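See structure below.
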Amino acid sequence: MAQTFDTIVIGAGAMGSAASYYLSKQGQRVLLLEQFELDHQNGSSYGFSRIIRYSYDYPEYVELARDNYPLWFAVEDELGEKLVIKTGGIDFGPPEDDMFQNTIQAVQDSNIDHEMLTLDDAHKRFPQFRFAGNFKIMYQPDSGLVRTSAAVMGHIKLAQQHGAVVKDNCAVQSIKINADSVDIMVNDETFSAARLVVTAGSWVKFLLEQTGINLPLSILRCQLNFMMPDNLNEQYDAENCPVYIAHVRTLFPETVYGIPSHHESGFKIAFHGGEPVNSPEEVNRTPDEDNVANLRKFMKDHIPHVADAPVRQSRICLYTMTPDEHFVIDTHPEYSHVAIGAGFSGHGFKFSTIIGKMLTDIVLDGETPHNDSLFKISRFID
Ligand SMILES: Cc1cc2nc3c(=O)[nH]c(=O)nc-3n(C[C@H](O)[C@H](O)[C@H](O)COP(=O)(O)OP(=O)(O)OC[C@H]3O[C@@H](n4cnc5c(N)ncnc54)[C@H](O)[C@@H]3O)c2cc1C
């Protein structure tokens, strides 16, 4: 006999954990299935921190951020734990970088609180950084970090409190979609439900192929590094240092971003990009020295006191990219009782709580009040 639920969610990363929370809060009997242990390190949603911000190169994301922040604060209240740490954020780089230009434009057009800093002012306020003479520097006070593993586990804890059943070490092998239900096979067990939410990160292509669709997703192997400058607890700590995005693609291989240390995590720095891989299984999890060496070149110019600091830890993490780098948050083109959250393209975590809510809205009601115009599956599949 199949065990029956209202909604099954596949994948307990950032998106599946949040969807399970909102679904169970709406009274759905939810089953959340995860192939590994919870909070594992094989996917995209683990570790200390991810950047959260309003400043974006598309007004649609700025609008989404407006809806997103209050949801995080509500989750924090229900959980009784702080997940979003406000640090302020700076974007800087040469003015010809189109993503940076569009970010400044979108922030200005959306009337988001921000300051364009002079070079002198920026150096006084943020002595950790060194800005080149031609750089523009934008400060946005609401940026900060989201505590990654704490947020995923927090959504799961709340989902369980609302009655969700969570099964880890349960890899979904096959999906059968019926006219008004789904059957999900895990080893020799079958779970049935009226609805399905697929949030399987870098593994999603294989699962979706079983439902008749082939999304143009690719996987990038990305490296993030935590530096240990001597004065870690002062200048480079979340109390005193902003999150930062250096729009330096014309000078270095990729955009560089980072996050101050929080609870001695170390000062985070990474390239926004990585090397393509065919599947998560073939990813080499051993960090590369070259990656750090290239970042040290950037640091010498722009964060000089960290440039020679030892690396506390480097980790490998996966981006699942769409061709236009916008998310897929939509129902399956043929089945309105199946919702898909995929292709978060290395910038989805900050929005994970609202994405969980949007997936809940669309799988229960067929639509969401939040702006999902960039995220339609129809841009890839008829
Ligand atoms: C280095 C790095 C830095 C980043 N920085 C930022 C940032 O600063 N700000 C930001 O907003 N975003 C950032 N991101 C992006 C963000 O972390 C991701 O967009 C987000 O975590 C994606 O979550 P997900 O739930 O889609 O995927 P995942 O976290 O990978 O979750 C998918 C889950 O599905 C499970 N699964 C897959 N197949 C099956 C199956 N068959 N059966 C059962 N379970 C299955 C997987 O095991 C996995 O746990 C970063 C990502 C990386 C890698």
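Labeling convention for the structure tokens: chains A, B, ... as they appear, residues from 1 per chain, ligands from 1 in order of appearance.
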Name the residues in contact with segment 324-334 of chain A at a cut-off of 10 Å, using only C-alpha atoms, excluding same-chain residues fewer than 2 positions from it; report them as a tab-separated table (two decimals) with C-alpha atoms, in the first residue's frame.
```tsv
chain	number	residue	atom	x	y	z
A	61	TYR	CA	14.41	41.09	-8.26
A	179	ALA	CA	-4.10	12.91	-14.11
A	196	LEU	CA	4.30	17.38	-6.17
A	197	VAL	CA	6.99	20.04	-5.76
A	198	VAL	CA	10.34	19.26	-7.40
A	199	THR	CA	13.26	21.20	-5.90
A	208	LEU	CA	12.26	16.17	-14.77
A	211	THR	CA	8.09	13.81	-16.42
A	212	GLY	CA	8.68	14.50	-20.11
A	213	ILE	CA	10.59	17.79	-19.98
A	215	LEU	CA	15.24	21.96	-19.12
A	217	LEU	CA	20.26	23.53	-17.16
A	320	THR	CA	22.61	25.10	-11.35
A	321	MET	CA	22.44	27.56	-14.23
A	322	THR	CA	19.71	28.49	-16.68
A	336	SER	CA	-0.82	21.92	-12.89
A	337	HIS	CA	-0.48	19.75	-9.77
A	338	VAL	CA	3.32	19.61	-10.22
A	339	ALA	CA	5.46	22.67	-9.39
A	340	ILE	CA	9.12	23.09	-10.27
A	341	GLY	CA	11.73	25.23	-8.52
A	342	ALA	CA	15.01	24.97	-10.44
A	343	GLY	CA	17.96	26.73	-12.03
A	344	PHE	CA	18.72	29.15	-9.22
A	345	SER	CA	21.91	30.13	-11.06
A	346	GLY	CA	24.07	30.91	-8.05
A	347	HIS	CA	21.83	33.63	-6.59
A	348	GLY	CA	18.73	31.93	-5.21
A	355	ILE	CA	10.46	30.94	-3.36
A	356	GLY	CA	9.05	28.35	-0.94
A	358	MET	CA	5.67	31.03	-4.42
A	359	LEU	CA	5.94	27.29	-5.06
A	362	ILE	CA	1.36	28.00	-7.58
A	363	VAL	CA	0.92	24.34	-6.69
A	366	GLY	CA	-2.12	28.02	-9.84
A	367	GLU	CA	-0.74	31.54	-9.30
A	368	THR	CA	1.24	33.69	-6.88
A	372	ASP	CA	7.21	35.68	-11.18
A	373	SER	CA	7.36	37.17	-14.69
A	374	LEU	CA	11.07	36.32	-15.14
A	375	PHE	CA	10.67	32.74	-13.93
A	376	LYS	CA	8.25	31.13	-16.38
A	377	ILE	CA	9.14	27.72	-17.76
A	378	SER	CA	7.60	28.69	-21.13
A	379	ARG	CA	10.78	30.62	-22.02
A	380	PHE	CA	12.45	27.22	-22.42
A	381	ILE	CA	9.59	24.81	-23.17
A	382	ASP	CA	6.43	25.34	-25.22
```
Ligand 1 neighbours within 6 Å using only C-alpha atoms and all ligand atoms, as number ranges by chain: A: 10-16, 33-36, 43-45, 50-52, 170-173, 199-203, 222-224, 317-319, 342, 344-350
Residue subset to file, keeping C-alpha atoms, as a PDB file, in the first residue's frame:
```pdb
ATOM      1  CA  ILE A  10      11.600  16.281  -3.532  1.00  0.00           C
ATOM      2  CA  GLY A  11      14.843  17.788  -2.233  1.00  0.00           C
ATOM      3  CA  ALA A  12      15.539  19.340   1.166  1.00  0.00           C
ATOM      4  CA  GLY A  13      17.859  22.151   0.105  1.00  0.00           C
ATOM      5  CA  ALA A  14      17.000  25.824   0.485  1.00  0.00           C
ATOM      6  CA  MET A  15      13.945  25.681  -1.767  1.00  0.00           C
ATOM      7  CA  GLY A  16      12.410  22.352  -0.743  1.00  0.00           C
ATOM      8  CA  LEU A  33      12.197  13.515   0.656  1.00  0.00           C
ATOM      9  CA  GLU A  34      15.972  14.059   0.675  1.00  0.00           C
ATOM     10  CA  GLN A  35      18.470  11.689  -0.927  1.00  0.00           C
ATOM     11  CA  PHE A  36      21.319  12.483   1.526  1.00  0.00           C
ATOM     12  CA  GLY A  43      24.491  20.397  -3.158  1.00  0.00           C
ATOM     13  CA  SER A  44      24.128  24.175  -3.007  1.00  0.00           C
ATOM     14  CA  SER A  45      22.554  25.080   0.342  1.00  0.00           C
ATOM     15  CA  ARG A  50      24.859  33.727   1.677  1.00  0.00           C
ATOM     16  CA  ILE A  51      24.438  37.367   0.649  1.00  0.00           C
ATOM     17  CA  ILE A  52      20.970  38.910   0.925  1.00  0.00           C
ATOM     18  CA  CYS A 170      15.655   8.617   0.681  1.00  0.00           C
ATOM     19  CA  ALA A 171      16.605   9.065  -2.973  1.00  0.00           C
ATOM     20  CA  VAL A 172      13.643   9.291  -5.323  1.00  0.00           C
ATOM     21  CA  GLN A 173      14.185   6.827  -8.161  1.00  0.00           C
ATOM     22  CA  THR A 199      13.265  21.201  -5.904  1.00  0.00           C
ATOM     23  CA  ALA A 200      16.157  18.863  -6.612  1.00  0.00           C
ATOM     24  CA  GLY A 201      18.960  21.388  -7.248  1.00  0.00           C
ATOM     25  CA  SER A 202      21.689  20.103  -9.559  1.00  0.00           C
ATOM     26  CA  TRP A 203      19.964  16.702  -9.818  1.00  0.00           C
ATOM     27  CA  CYS A 222      32.279  26.669  -7.644  1.00  0.00           C
ATOM     28  CA  GLN A 223      34.805  27.276  -4.897  1.00  0.00           C
ATOM     29  CA  LEU A 224      34.381  29.503  -1.880  1.00  0.00           C
ATOM     30  CA  CYS A 317      29.494  24.116  -3.970  1.00  0.00           C
ATOM     31  CA  LEU A 318      27.273  23.779  -7.065  1.00  0.00           C
ATOM     32  CA  TYR A 319      25.478  26.373  -9.161  1.00  0.00           C
ATOM     33  CA  ALA A 342      15.005  24.967 -10.442  1.00  0.00           C
ATOM     34  CA  PHE A 344      18.720  29.155  -9.222  1.00  0.00           C
ATOM     35  CA  SER A 345      21.909  30.129 -11.062  1.00  0.00           C
ATOM     36  CA  GLY A 346      24.069  30.912  -8.047  1.00  0.00           C
ATOM     37  CA  HIS A 347      21.832  33.629  -6.587  1.00  0.00           C
ATOM     38  CA  GLY A 348      18.731  31.925  -5.210  1.00  0.00           C
ATOM     39  CA  PHE A 349      19.425  31.465  -1.529  1.00  0.00           C
ATOM     40  CA  LYS A 350      18.497  34.971  -0.369  1.00  0.00           C
TER      41      LYS A 350
END
```
Segment 174-256 of chain A: residues DSSP assigns to strand (DSSP E or B), reported as a PyMOL selection string: chain A and resi 174-177+182-186+189-198+218-227+237+243-246+256
Write out as a PDB file with C-alpha atoms, in the first residue's frame the residues lying within 8 Å of segment 190-195 of chain A, counting only C-alpha atoms and excluding same-chain residues fewer than 2 positions away.
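Wrote around14.pdb, looks like this:
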```
ATOM      1  CA  MET A   1       0.000   0.000   0.000  1.00  0.00           C
ATOM      2  CA  ALA A   2       1.342   3.416  -0.923  1.00  0.00           C
ATOM      3  CA  GLN A   3       1.629   5.952   1.880  1.00  0.00           C
ATOM      4  CA  THR A   4      -0.472   8.962   0.943  1.00  0.00           C
ATOM      5  CA  PHE A   5       0.135  12.675   1.505  1.00  0.00           C
ATOM      6  CA  ASP A   6      -1.339  15.929   0.205  1.00  0.00           C
ATOM      7  CA  THR A   7       1.949  17.172  -1.258  1.00  0.00           C
ATOM      8  CA  ILE A   8       5.343  15.541  -1.741  1.00  0.00           C
ATOM      9  CA  ASP A 180      -4.684  14.209 -10.579  1.00  0.00           C
ATOM     10  CA  SER A 181      -2.022  12.585  -8.389  1.00  0.00           C
ATOM     11  CA  VAL A 182       1.611  11.487  -8.332  1.00  0.00           C
ATOM     12  CA  ASP A 183       3.369   8.264  -7.337  1.00  0.00           C
ATOM     13  CA  ILE A 184       6.934   8.583  -6.125  1.00  0.00           C
ATOM     14  CA  MET A 185       9.154   5.513  -5.879  1.00  0.00           C
ATOM     15  CA  VAL A 186      11.950   5.289  -3.307  1.00  0.00           C
ATOM     16  CA  ASP A 188      10.742  -0.518  -2.894  1.00  0.00           C
ATOM     17  CA  VAL A 197       6.990  20.044  -5.763  1.00  0.00           C
ATOM     18  CA  HIS A 337      -0.480  19.748  -9.770  1.00  0.00           C
ATOM     19  CA  VAL A 338       3.318  19.610 -10.225  1.00  0.00           C
ATOM     20  CA  VAL A 363       0.918  24.336  -6.689  1.00  0.00           C
TER      21      VAL A 363
END
```
Distance query segment 142-153 of chain A at most 6 Å, only C-alpha atoms, self and fewer than 6 positions along chain excluded, as a ChimeraX atom specification: /A:14,17,46-53,83-89
Kindly export the residues of the current selection with C-alpha atoms, as a PDB file, in the first residue's frame.
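See again.pdb below for the written result:
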```
ATOM      1  CA  ALA A  14      17.000  25.824   0.485  1.00  0.00           C
ATOM      2  CA  SER A  17      12.766  23.094   2.960  1.00  0.00           C
ATOM      3  CA  TYR A  46      24.890  24.488   3.237  1.00  0.00           C
ATOM      4  CA  GLY A  47      27.478  26.355   5.244  1.00  0.00           C
ATOM      5  CA  PHE A  48      27.691  29.663   7.084  1.00  0.00           C
ATOM      6  CA  SER A  49      26.335  32.416   4.918  1.00  0.00           C
ATOM      7  CA  ARG A  50      24.859  33.727   1.677  1.00  0.00           C
ATOM      8  CA  ILE A  51      24.438  37.367   0.649  1.00  0.00           C
ATOM      9  CA  ILE A  52      20.970  38.910   0.925  1.00  0.00           C
ATOM     10  CA  ARG A  53      20.333  42.251  -0.767  1.00  0.00           C
ATOM     11  CA  LEU A  83      18.698  34.123  10.380  1.00  0.00           C
ATOM     12  CA  VAL A  84      19.344  37.421   8.591  1.00  0.00           C
ATOM     13  CA  ILE A  85      22.282  39.486   9.837  1.00  0.00           C
ATOM     14  CA  LYS A  86      22.283  43.034   8.512  1.00  0.00           C
ATOM     15  CA  THR A  87      25.758  44.302   7.614  1.00  0.00           C
ATOM     16  CA  GLY A  88      25.120  46.785   4.822  1.00  0.00           C
ATOM     17  CA  GLY A  89      26.554  46.071   1.412  1.00  0.00           C
TER      18      GLY A  89
END
```
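Looking only at segment 271-327 of chain A, the set that DSSP places in alpha helix (DSSP H) from backbone geometry is Glu289, Asp290, Asn291, Val292, Ala293, Asn294, Leu295, Arg296, Lys297, Phe298, Met299, Lys300, Asp301 and His302 of chain A.
Across A:Met138, A:Ala293, A:Cys241, A:Leu220, the tightest approach to Phe92 of chain A is made by A:Met138 when counting only C-alpha atoms.
Note that atom CA of Val62 of chain A and atom CA of Ile90 of chain A are 15.7 Å apart.
With atom CA of Pro229 of chain A on one side and atom CA of Ala309 of chain A on the other, the separation reads 5.0 Å.
For the atom pair formed by atom CA of Glu275 of chain A and atom CA of Glu289 of chain A, the distance is 14.5 Å, given to one decimal.
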Nearest candidate to Asp39 of chain A (options A:Ala307, A:Ile156, A:Val256, A:Ile219; using only C-alpha atoms):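 When distances to Asp39 of chain A are compared using only C-alpha atoms, the smallest one comes from A:Ile156.
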Best match for closeness to Leu71 of chain A among A:Thr250, A:Thr353, A:Asn225, A:Gln101, counting only C-alpha atoms: A:Thr353
Counting only C-alpha atoms, the option among A:His272, A:Lys300, A:His370, A:Lys25 closest to Gly258 of chain A: A:His272
Long-range neighbours of Tyr236 of chain A as a ChimeraX atom specification, 12 Å cut-off, only C-alpha atoms, 3 positions minimum in chain: /A:87,126-129,226-233,239-244,258-269,303,305-306
Restrict the selected residues to N, CA and C atoms and save them as a CSV table (one decimal), in the first residue's frame.
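File produced: selection-v8.csv:
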```csv
chain,number,residue,atom,x,y,z
A,87,THR,N,24.4,43.8,7.6
A,87,THR,CA,25.8,44.3,7.6
A,87,THR,C,25.9,45.6,6.8
A,126,PHE,N,35.0,52.4,4.8
A,126,PHE,CA,35.4,51.0,4.6
A,126,PHE,C,36.9,50.8,4.4
A,127,PRO,N,37.6,51.0,5.5
A,127,PRO,CA,39.1,50.9,5.3
A,127,PRO,C,39.6,49.5,5.0
A,128,GLN,N,38.8,48.5,5.0
A,128,GLN,CA,39.2,47.2,4.6
A,128,GLN,C,39.4,47.1,3.1
A,129,PHE,N,38.8,48.0,2.4
A,129,PHE,CA,38.8,47.9,0.9
A,129,PHE,C,39.6,49.1,0.3
A,226,PHE,N,37.4,30.8,2.9
A,226,PHE,CA,37.3,31.6,4.1
A,226,PHE,C,38.7,32.0,4.6
A,227,MET,N,39.0,33.3,4.6
A,227,MET,CA,40.3,33.7,5.0
A,227,MET,C,40.4,34.1,6.5
A,228,MET,N,41.6,34.0,7.0
A,228,MET,CA,41.7,34.2,8.4
A,228,MET,C,42.7,35.4,8.7
A,229,PRO,N,42.3,36.7,8.4
A,229,PRO,CA,43.2,37.8,8.7
A,229,PRO,C,43.4,37.9,10.2
A,230,ASP,N,44.5,38.4,10.7
A,230,ASP,CA,44.8,38.5,12.1
A,230,ASP,C,43.7,39.2,12.9
A,231,ASN,N,43.3,40.3,12.3
A,231,ASN,CA,42.3,41.1,13.1
A,231,ASN,C,40.9,40.7,12.7
A,232,LEU,N,40.6,39.4,12.5
A,232,LEU,CA,39.4,38.9,12.1
A,232,LEU,C,38.2,39.4,12.8
A,233,ASN,N,38.3,39.5,14.2
A,233,ASN,CA,37.1,39.8,15.0
A,233,ASN,C,36.8,41.2,15.0
A,239,GLU,N,30.0,42.8,12.3
A,239,GLU,CA,29.7,44.0,13.1
A,239,GLU,C,30.3,45.3,12.3
A,240,ASN,N,31.4,45.1,11.6
A,240,ASN,CA,32.2,46.2,11.1
A,240,ASN,C,32.4,46.2,9.6
A,241,CYS,N,32.0,45.2,9.0
A,241,CYS,CA,32.4,45.1,7.5
A,241,CYS,C,31.1,44.7,6.7
A,242,PRO,N,30.9,45.4,5.6
A,242,PRO,CA,29.8,45.1,4.7
A,242,PRO,C,30.0,43.8,3.9
A,243,VAL,N,28.9,43.2,3.4
A,243,VAL,CA,29.0,42.2,2.3
A,243,VAL,C,29.4,43.0,1.1
A,244,TYR,N,30.1,42.4,0.1
A,244,TYR,CA,30.6,43.2,-1.0
A,244,TYR,C,30.5,42.4,-2.3
A,258,GLY,N,31.9,38.6,-1.5
A,258,GLY,CA,32.3,38.1,-0.2
A,258,GLY,C,31.4,38.6,0.9
A,259,ILE,N,31.7,37.9,2.0
A,259,ILE,CA,30.8,38.1,3.2
A,259,ILE,C,31.8,38.2,4.4
A,260,PRO,N,31.5,39.2,5.3
A,260,PRO,CA,32.4,39.3,6.5
A,260,PRO,C,32.2,38.0,7.4
A,261,SER,N,33.2,37.9,8.3
A,261,SER,CA,33.1,36.8,9.2
A,261,SER,C,32.0,36.9,10.2
A,262,HIS,N,31.3,35.8,10.5
A,262,HIS,CA,30.2,35.8,11.5
A,262,HIS,C,30.5,34.6,12.4
A,263,HIS,N,30.6,34.9,13.7
A,263,HIS,CA,30.9,33.9,14.6
A,263,HIS,C,32.2,33.1,14.2
A,264,GLU,N,33.2,33.9,13.8
A,264,GLU,CA,34.5,33.3,13.5
A,264,GLU,C,34.4,32.3,12.3
A,265,SER,N,33.5,32.5,11.4
A,265,SER,CA,33.5,31.7,10.2
A,265,SER,C,34.7,31.9,9.3
A,266,GLY,N,35.3,33.1,9.4
A,266,GLY,CA,36.3,33.5,8.5
A,266,GLY,C,35.7,34.4,7.5
A,267,PHE,N,36.6,35.2,6.8
A,267,PHE,CA,36.2,36.2,5.9
A,267,PHE,C,36.0,35.6,4.5
A,268,LYS,N,34.8,35.6,4.0
A,268,LYS,CA,34.5,34.8,2.8
A,268,LYS,C,34.8,35.6,1.5
A,269,ILE,N,35.4,34.9,0.5
A,269,ILE,CA,35.7,35.5,-0.8
A,269,ILE,C,35.6,34.4,-1.9
A,303,ILE,N,41.5,44.3,-1.4
A,303,ILE,CA,41.3,44.0,0.1
A,303,ILE,C,42.7,43.7,0.6
A,305,HIS,N,44.8,43.9,3.1
A,305,HIS,CA,45.2,43.3,4.4
A,305,HIS,C,44.8,41.9,4.5
A,306,VAL,N,44.0,41.4,3.6
A,306,VAL,CA,43.6,40.0,3.7
A,306,VAL,C,44.4,39.2,2.6
```
Selection: 10 Å around Leu79 of chain A, only C-alpha atoms, excl. self and same-chain fewer than 4 positions, as an MDAnalysis selection string: chainID A and resid 73:75 83 151 154:155 157:158
Residue subset to file, keeping C-alpha atoms, as a PDB file, in the first residue's frame:
```
ATOM      1  CA  PHE A  73      11.551  38.272   9.613  1.00  0.00           C
ATOM      2  CA  ALA A  74       8.301  36.312  10.105  1.00  0.00           C
ATOM      3  CA  VAL A  75      10.210  33.013   9.889  1.00  0.00           C
ATOM      4  CA  LEU A  83      18.698  34.123  10.380  1.00  0.00           C
ATOM      5  CA  ALA A 151      17.898  28.797   7.518  1.00  0.00           C
ATOM      6  CA  GLY A 154      14.963  26.304  10.514  1.00  0.00           C
ATOM      7  CA  HIS A 155      12.458  25.899   7.672  1.00  0.00           C
ATOM      8  CA  LYS A 157      12.046  22.410  11.922  1.00  0.00           C
ATOM      9  CA  LEU A 158       9.032  24.679  11.410  1.00  0.00           C
TER      10      LEU A 158
END
```
